[in-house]
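The data block below is protein04.cif; it holds mmCIF, C-alpha atoms.
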data_work
loop_
_atom_site.label_atom_id
_atom_site.label_comp_id
_atom_site.auth_asym_id
_atom_site.auth_seq_id
_atom_site.Cartn_x
_atom_site.Cartn_y
_atom_site.Cartn_z
CA MET A 1 0.00 0.00 0.00
CA ALA A 2 1.09 3.57 -0.61
CA ASN A 3 2.47 5.50 2.30
CA ASP A 4 0.07 8.23 3.44
CA GLN A 5 2.91 10.26 4.96
CA MET A 6 3.99 13.18 2.78
CA PRO A 7 7.71 13.22 1.88
CA THR A 8 9.49 16.33 3.12
CA ASP A 9 11.33 17.15 -0.13
CA PRO A 10 10.11 17.41 -3.74
CA ILE A 11 11.45 15.24 -6.54
CA THR A 12 14.27 16.92 -8.47
CA ALA A 13 14.89 14.34 -11.23
CA VAL A 14 13.17 11.32 -12.79
CA GLY A 15 14.71 8.46 -14.75
CA VAL A 16 14.35 4.90 -15.94
CA LEU A 17 16.73 2.02 -15.09
CA SER A 18 17.36 -1.26 -16.88
CA SER A 19 17.72 -3.03 -13.54
CA HIS A 20 16.62 -2.25 -9.99
CA SER A 21 20.01 -3.46 -8.81
CA LYS A 22 21.81 -0.60 -10.57
CA VAL A 23 20.36 2.32 -8.64
CA PRO A 24 22.49 5.51 -8.78
CA ASP A 25 23.42 7.28 -5.58
CA ASP A 26 20.62 9.34 -3.98
CA TYR A 27 18.00 7.69 -6.23
CA PHE A 28 14.94 5.62 -5.26
CA VAL A 29 13.63 2.88 -7.54
CA VAL A 30 9.99 1.81 -7.75
CA ALA A 31 10.70 -1.93 -7.98
CA GLN A 32 7.29 -3.17 -6.81
CA THR A 33 3.67 -2.21 -7.16
CA THR A 34 1.60 -1.30 -4.11
CA ASP A 35 0.44 -4.94 -3.82
CA GLY A 36 3.99 -6.31 -3.96
CA SER A 37 4.13 -7.34 -7.64
CA ASP A 38 7.05 -6.67 -9.96
CA ALA A 39 6.87 -3.06 -11.27
CA ASP A 40 8.70 -3.77 -14.52
CA LEU A 41 7.55 -1.22 -17.12
CA TRP A 42 8.72 -3.28 -20.13
CA LYS A 43 7.14 -6.74 -19.61
CA ASP A 44 4.79 -8.09 -22.26
CA GLY A 45 1.70 -10.00 -21.19
CA LEU A 46 2.38 -13.61 -20.32
CA PHE A 47 5.80 -13.80 -21.94
CA LYS A 48 8.70 -13.14 -19.64
CA SER A 49 11.19 -10.77 -21.25
CA LYS A 50 14.87 -10.43 -20.52
CA VAL A 51 14.46 -6.68 -20.88
CA THR A 52 13.32 -4.83 -17.78
CA ARG A 53 12.66 -1.17 -17.00
CA TYR A 54 12.05 0.47 -13.64
CA LEU A 55 11.01 3.98 -12.71
CA CYS A 56 13.43 5.85 -10.47
CA PHE A 57 13.68 9.33 -8.98
CA THR A 58 15.70 11.47 -6.60
CA ARG A 59 14.94 14.15 -4.04
CA LYS A 60 18.53 15.34 -3.87
CA PRO A 61 18.41 19.13 -3.37
CA GLY A 62 19.04 21.07 -6.56
CA PRO A 63 18.09 24.29 -8.33
CA ASP A 64 15.14 22.67 -10.18
CA VAL A 65 12.16 20.53 -9.22
CA VAL A 66 9.72 18.34 -11.15
CA VAL A 67 6.42 20.23 -11.34
CA ASP A 68 4.45 17.93 -13.68
CA VAL A 69 4.60 14.51 -15.36
CA LYS A 70 2.77 12.95 -18.28
CA LEU A 71 2.65 9.50 -19.85
CA ILE A 72 1.97 9.79 -23.58
CA ASP A 73 1.89 7.53 -26.62
CA ILE A 74 5.20 7.35 -28.44
CA LYS A 75 3.53 8.82 -31.55
CA ASP A 76 2.07 11.83 -29.70
CA ALA A 77 3.68 15.24 -29.89
CA LEU A 78 5.74 16.25 -26.89
CA PRO A 79 3.70 18.58 -24.64
CA GLU A 80 4.95 22.16 -24.47
CA GLY A 81 7.44 22.72 -21.69
CA PHE A 82 8.05 18.99 -21.14
CA ILE A 83 11.09 16.82 -21.81
CA ALA A 84 10.90 13.11 -22.62
CA ILE A 85 12.95 10.46 -20.87
CA GLN A 86 14.47 8.71 -23.87
CA GLU A 87 17.22 6.52 -22.37
CA THR A 88 17.93 4.47 -19.28
CA LEU A 89 20.27 6.10 -16.78
CA ASP A 90 22.49 3.04 -16.40
CA THR A 91 22.80 1.58 -19.92
CA LYS A 92 21.64 4.40 -22.25
CA GLU A 93 19.14 2.05 -23.91
CA PRO A 94 15.61 3.04 -24.95
CA ALA A 95 13.66 3.83 -21.80
CA MET A 96 10.24 2.52 -22.89
CA LYS A 97 8.37 1.06 -25.83
CA LYS A 98 5.07 2.37 -27.15
CA ARG A 99 4.88 4.96 -24.39
CA ARG A 100 6.96 7.98 -23.30
CA LEU A 101 7.38 9.40 -19.83
CA CYS A 102 7.59 13.20 -19.93
CA VAL A 103 8.52 15.56 -17.12
CA LYS A 104 8.29 19.31 -16.69
CA MET A 105 10.99 21.09 -14.71
CA SER A 106 10.95 24.47 -13.00
CA PRO A 107 13.39 26.50 -10.89
CA ARG A 108 12.64 25.68 -7.27
CA ALA A 109 12.39 29.36 -6.33
CA ALA A 110 9.61 29.86 -8.90
CA ALA A 111 7.63 26.69 -8.11
CA ASP A 112 4.64 26.69 -5.75
CA THR A 113 3.88 22.97 -6.13
CA ALA A 114 5.90 19.98 -7.32
CA VAL A 115 5.86 16.18 -7.58
CA PHE A 116 6.82 14.54 -4.27
CA ASP A 117 6.29 10.81 -4.84
CA PHE A 118 5.51 8.02 -7.33
CA GLN A 119 3.57 4.80 -6.88
CA ILE A 120 2.71 2.00 -9.32
CA ILE A 121 -0.36 -0.17 -8.89
CA ALA A 122 -1.53 -3.33 -10.64
CA LYS A 123 -4.39 -2.64 -13.04
CA SER A 124 -7.53 -2.61 -10.92
CA LYS A 125 -10.20 -0.29 -9.57
CA GLN A 126 -7.89 0.66 -6.73
CA HIS A 127 -7.53 4.40 -6.18
CA LEU A 128 -4.64 5.98 -4.29
CA VAL A 129 -5.64 8.71 -1.86
CA HIS A 130 -3.70 12.00 -2.34
CA TYR A 131 -2.27 10.68 -5.65
CA THR A 132 -3.08 11.54 -9.27
CA SER A 133 -3.18 9.00 -12.08
CA MET A 134 -0.63 9.52 -14.83
CA GLY A 135 -1.90 6.71 -17.04
CA GLU A 136 -1.36 3.03 -17.64
CA ILE A 137 1.59 1.09 -19.03
CA ASN A 138 1.86 -2.69 -19.37
CA ASN A 139 -1.33 -3.28 -17.36
CA MET A 140 -0.09 -1.12 -14.48
CA GLY A 141 -1.17 2.30 -13.31
CA LEU A 142 1.38 5.05 -12.65
CA TRP A 143 0.45 7.57 -9.95
CA TYR A 144 2.15 10.66 -8.61
CA ARG A 145 1.65 12.92 -5.60
CA MET A 146 1.82 16.72 -5.63
CA GLY A 147 2.69 19.00 -2.73
CA GLU A 148 3.71 22.52 -1.83
CA VAL A 149 7.37 23.36 -2.33
CA PRO A 150 9.13 24.49 0.86
CA HIS A 151 11.28 27.50 0.07
CA LEU A 152 14.52 27.66 2.03
CA GLN A 153 15.56 31.15 3.19
CA SER A 154 19.16 32.21 2.96
CA SER A 155 20.87 33.62 6.05
CA GLN A 156 20.91 37.02 4.34
CA GLN A 157 17.12 36.92 3.79
CA ARG A 158 16.49 35.87 7.39
CA SER A 159 18.75 38.66 8.65
CA SER A 160 16.92 41.15 6.44
CA LYS A 161 13.54 40.07 7.86
CA VAL A 162 14.77 40.18 11.46
CA ASN A 163 16.17 43.66 11.00
CA ASN A 164 13.21 44.88 8.95
CA GLY A 165 12.29 48.34 10.20
CA ALA A 166 15.38 48.63 12.42
CA PRO A 167 18.08 50.82 10.80
CA SER A 168 21.69 49.79 11.06
CA ASP A 169 24.19 51.69 13.21
CA THR A 170 25.48 53.51 10.15
CA GLU A 171 21.97 54.49 9.08
CA SER A 172 21.16 55.63 12.61
CA ARG A 173 24.15 57.90 12.66
CA ARG A 174 23.17 59.39 9.31
CA THR A 175 19.51 59.86 10.17
CA ILE A 176 18.38 63.16 11.69
CA SER A 177 15.34 62.77 13.90
CA ARG A 178 12.44 64.98 12.97
CA PRO A 179 9.70 66.12 15.36
CA THR A 180 6.19 64.78 15.03
CA TYR A 181 3.73 67.46 13.95
CA GLU A 182 0.07 67.24 14.78
CA PRO A 183 -1.87 69.86 12.80
CA GLN A 184 -4.60 71.66 14.77
CA ASN A 185 -6.84 73.35 12.19
CA SER A 186 -4.92 72.95 8.96
CA GLY A 187 -5.07 69.78 6.94
CA SER A 188 -1.36 69.83 6.11
CA VAL A 189 1.95 70.75 7.72
CA THR A 190 4.91 72.19 5.83
CA ILE A 191 8.19 70.60 6.87
CA THR A 192 11.45 72.07 5.61
CA ALA A 193 14.83 70.45 5.20
CA MET A 194 16.01 72.23 8.39
CA ASP A 195 13.30 70.73 10.59
CA GLY A 196 14.71 68.56 13.33
CA VAL A 197 18.24 69.98 12.99
CA PRO A 198 19.35 71.04 16.52
CA PHE A 199 20.64 74.60 16.91
CA GLU A 200 22.92 75.43 19.80
CA VAL A 201 25.18 78.39 20.59
CA ALA A 202 28.83 77.39 20.73
CA GLN A 203 30.28 77.11 24.21
CA ARG A 204 32.87 79.81 23.55
CA PHE A 205 30.11 82.42 23.38
CA TYR A 206 28.84 81.64 26.87
CA ASP A 207 30.81 84.48 28.57
CA THR A 208 29.90 86.86 31.40
CA SER A 209 29.00 90.47 30.73
CA LYS A 210 32.26 91.70 32.30
CA GLU A 211 34.27 89.55 29.98
CA MET A 212 32.26 90.85 27.07
CA GLN A 213 33.09 94.42 28.06
CA GLN A 214 36.75 93.70 27.58
CA VAL A 215 36.27 92.45 24.04
CA ASN A 216 37.45 94.94 21.44
CA LEU A 217 36.60 94.29 17.84
CA MET A 218 38.43 96.58 15.37
CA GLY A 219 38.65 99.35 18.04
CA ILE A 220 34.97 99.12 18.98
CA THR A 221 34.34 98.53 22.67
CA ILE A 222 31.29 96.46 23.41
CA LYS A 223 29.28 97.97 26.31
CA SER A 224 26.29 96.83 28.24
CA LEU A 225 22.90 98.58 28.09
CA ALA A 226 23.43 100.13 31.56
CA GLU A 227 26.78 101.58 30.55
CA ILE A 228 25.31 103.07 27.37
CA GLU A 229 22.44 104.71 29.27
CA GLU A 230 24.80 106.12 31.89
CA GLU A 231 27.23 107.56 29.32
CA PHE A 232 24.66 109.07 27.01
CA HIS A 233 21.97 110.05 29.54
CA TYR A 234 20.45 113.51 28.92
CA ASN A 235 17.78 114.91 31.25
CA PHE A 236 16.63 117.83 29.04
CA SER A 237 16.94 120.31 32.02
CA THR A 238 17.84 123.27 29.73
CA GLU A 239 14.79 122.71 27.53
CA ARG A 240 12.54 122.50 30.54
CA SER A 241 13.88 125.84 31.97
CA ILE A 242 13.13 127.69 28.71
CA VAL A 243 9.61 126.33 28.61
CA LEU A 244 9.04 127.44 32.18
#
Rewrite the structure of this file - the entire thing - as structure tokens.
Amino acid sequence: MANDQMPTDPITAVGVLSSHSKVPDDYFVVAQTTDGSDADLWKDGLFKSKVTRYLCFTRKPGPDVVVDVKLIDIKDALPEGFIAIQETLDTKEPAMKKRRLCVKMSPRAAADTAVFDFQIIAKSKQHLVHYTSMGEINNMGLWYRMGEVPHLQSSQQRSSKVNNGAPSDTESRRTISRPTYEPQNSGSVTITAMDGVPFEVAQRFYDTSKEMQQVNLMGITIKSLAEIEEEFHYNFSTERSIVL
């Protein structure tokens, strides 16, 4: 019986072998049907043939995944976007007779769903739950299972998401904070390029008035308001005496 548990990784390549004893590394071979019978794709009726063919596949991580499969007649035109499996992986002999197994590949990053598993059943009314029928070959039914492709995030993408909205130290140093304006009656607030820029008098100008009195710029003595009033005070006494 087919395993109801969903494989964790999608299929990245499909092939055909001349013998289930010559399985390449990282490949799985479908050597038996779900009821335990021989899953040879080449056999002819009651006559036992020396030629055998077995479906195989791998889930080894790669840039592409298998997103669709079709089983067509050898005389049919190849479906658009599909490639046909013409030779066996181990002996480079014709993969099938009368029928052709076709697969459609897609970059993993662009794929939402992909093929995750294959099962072969003896010709019957049996239906595999969660699987889709691909067609029949040599009195056997080929079925495949689709699933959602898990997209692995790079460390750079994860770091970008973690820091999303939080500026780096360099950005923080370059950013000038701007005050938050809440308009009272107007529907808009004009903000200039100078908003938020702090203005502060340099420390060297924080001097006492006495020290300022001693400053002489180009012969001009800086005086306080009291000194100016005292020096230039005029009480208009003469004018008042004439009026009287």
Proximity to A:Leu71 - best of A:Thr221, A:Thr113, A:Thr8, A:Ser133, all atoms listed in the file: A:Ser133
The PyMOL selection byres ((chain A and resi 23) around 12) resolved against shown file, as number ranges by chain: A: 15-22, 24-31, 53-58, 88-91
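Distances from A:Ala109, A:Leu101, A:Val115, A:Val14 to A:Asp68 were compared using all atoms listed in the file, and the smallest one belongs to A:Val115.
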Counting all atoms listed in the file, the option among A:Asp38, A:Glu80, A:Glu87, A:Asp64 closest to A:Pro10: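 Checking each candidate against A:Pro10, we get A:Asp64 as the closest.
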Between atom CA of A:Phe116 and atom CA of A:Ser37 - distance in Å to one decimal: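 These two atoms are separated by 22.3 Å.
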Who sits within 7 Å of A:Thr132, only C-alpha atoms, same chain under 4 positions skipped, as a ChimeraX atom specification: /A:143-145
Between atom CA of A:Gly81 and atom CA of A:Asn139, distance in Å (one decimal): 27.8 Å
Straight-line distance linking atom CA of A:Ala122 with atom CA of A:Thr52, stated in Å to one decimal: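 Distance reported for this atom pair: 16.5 Å.
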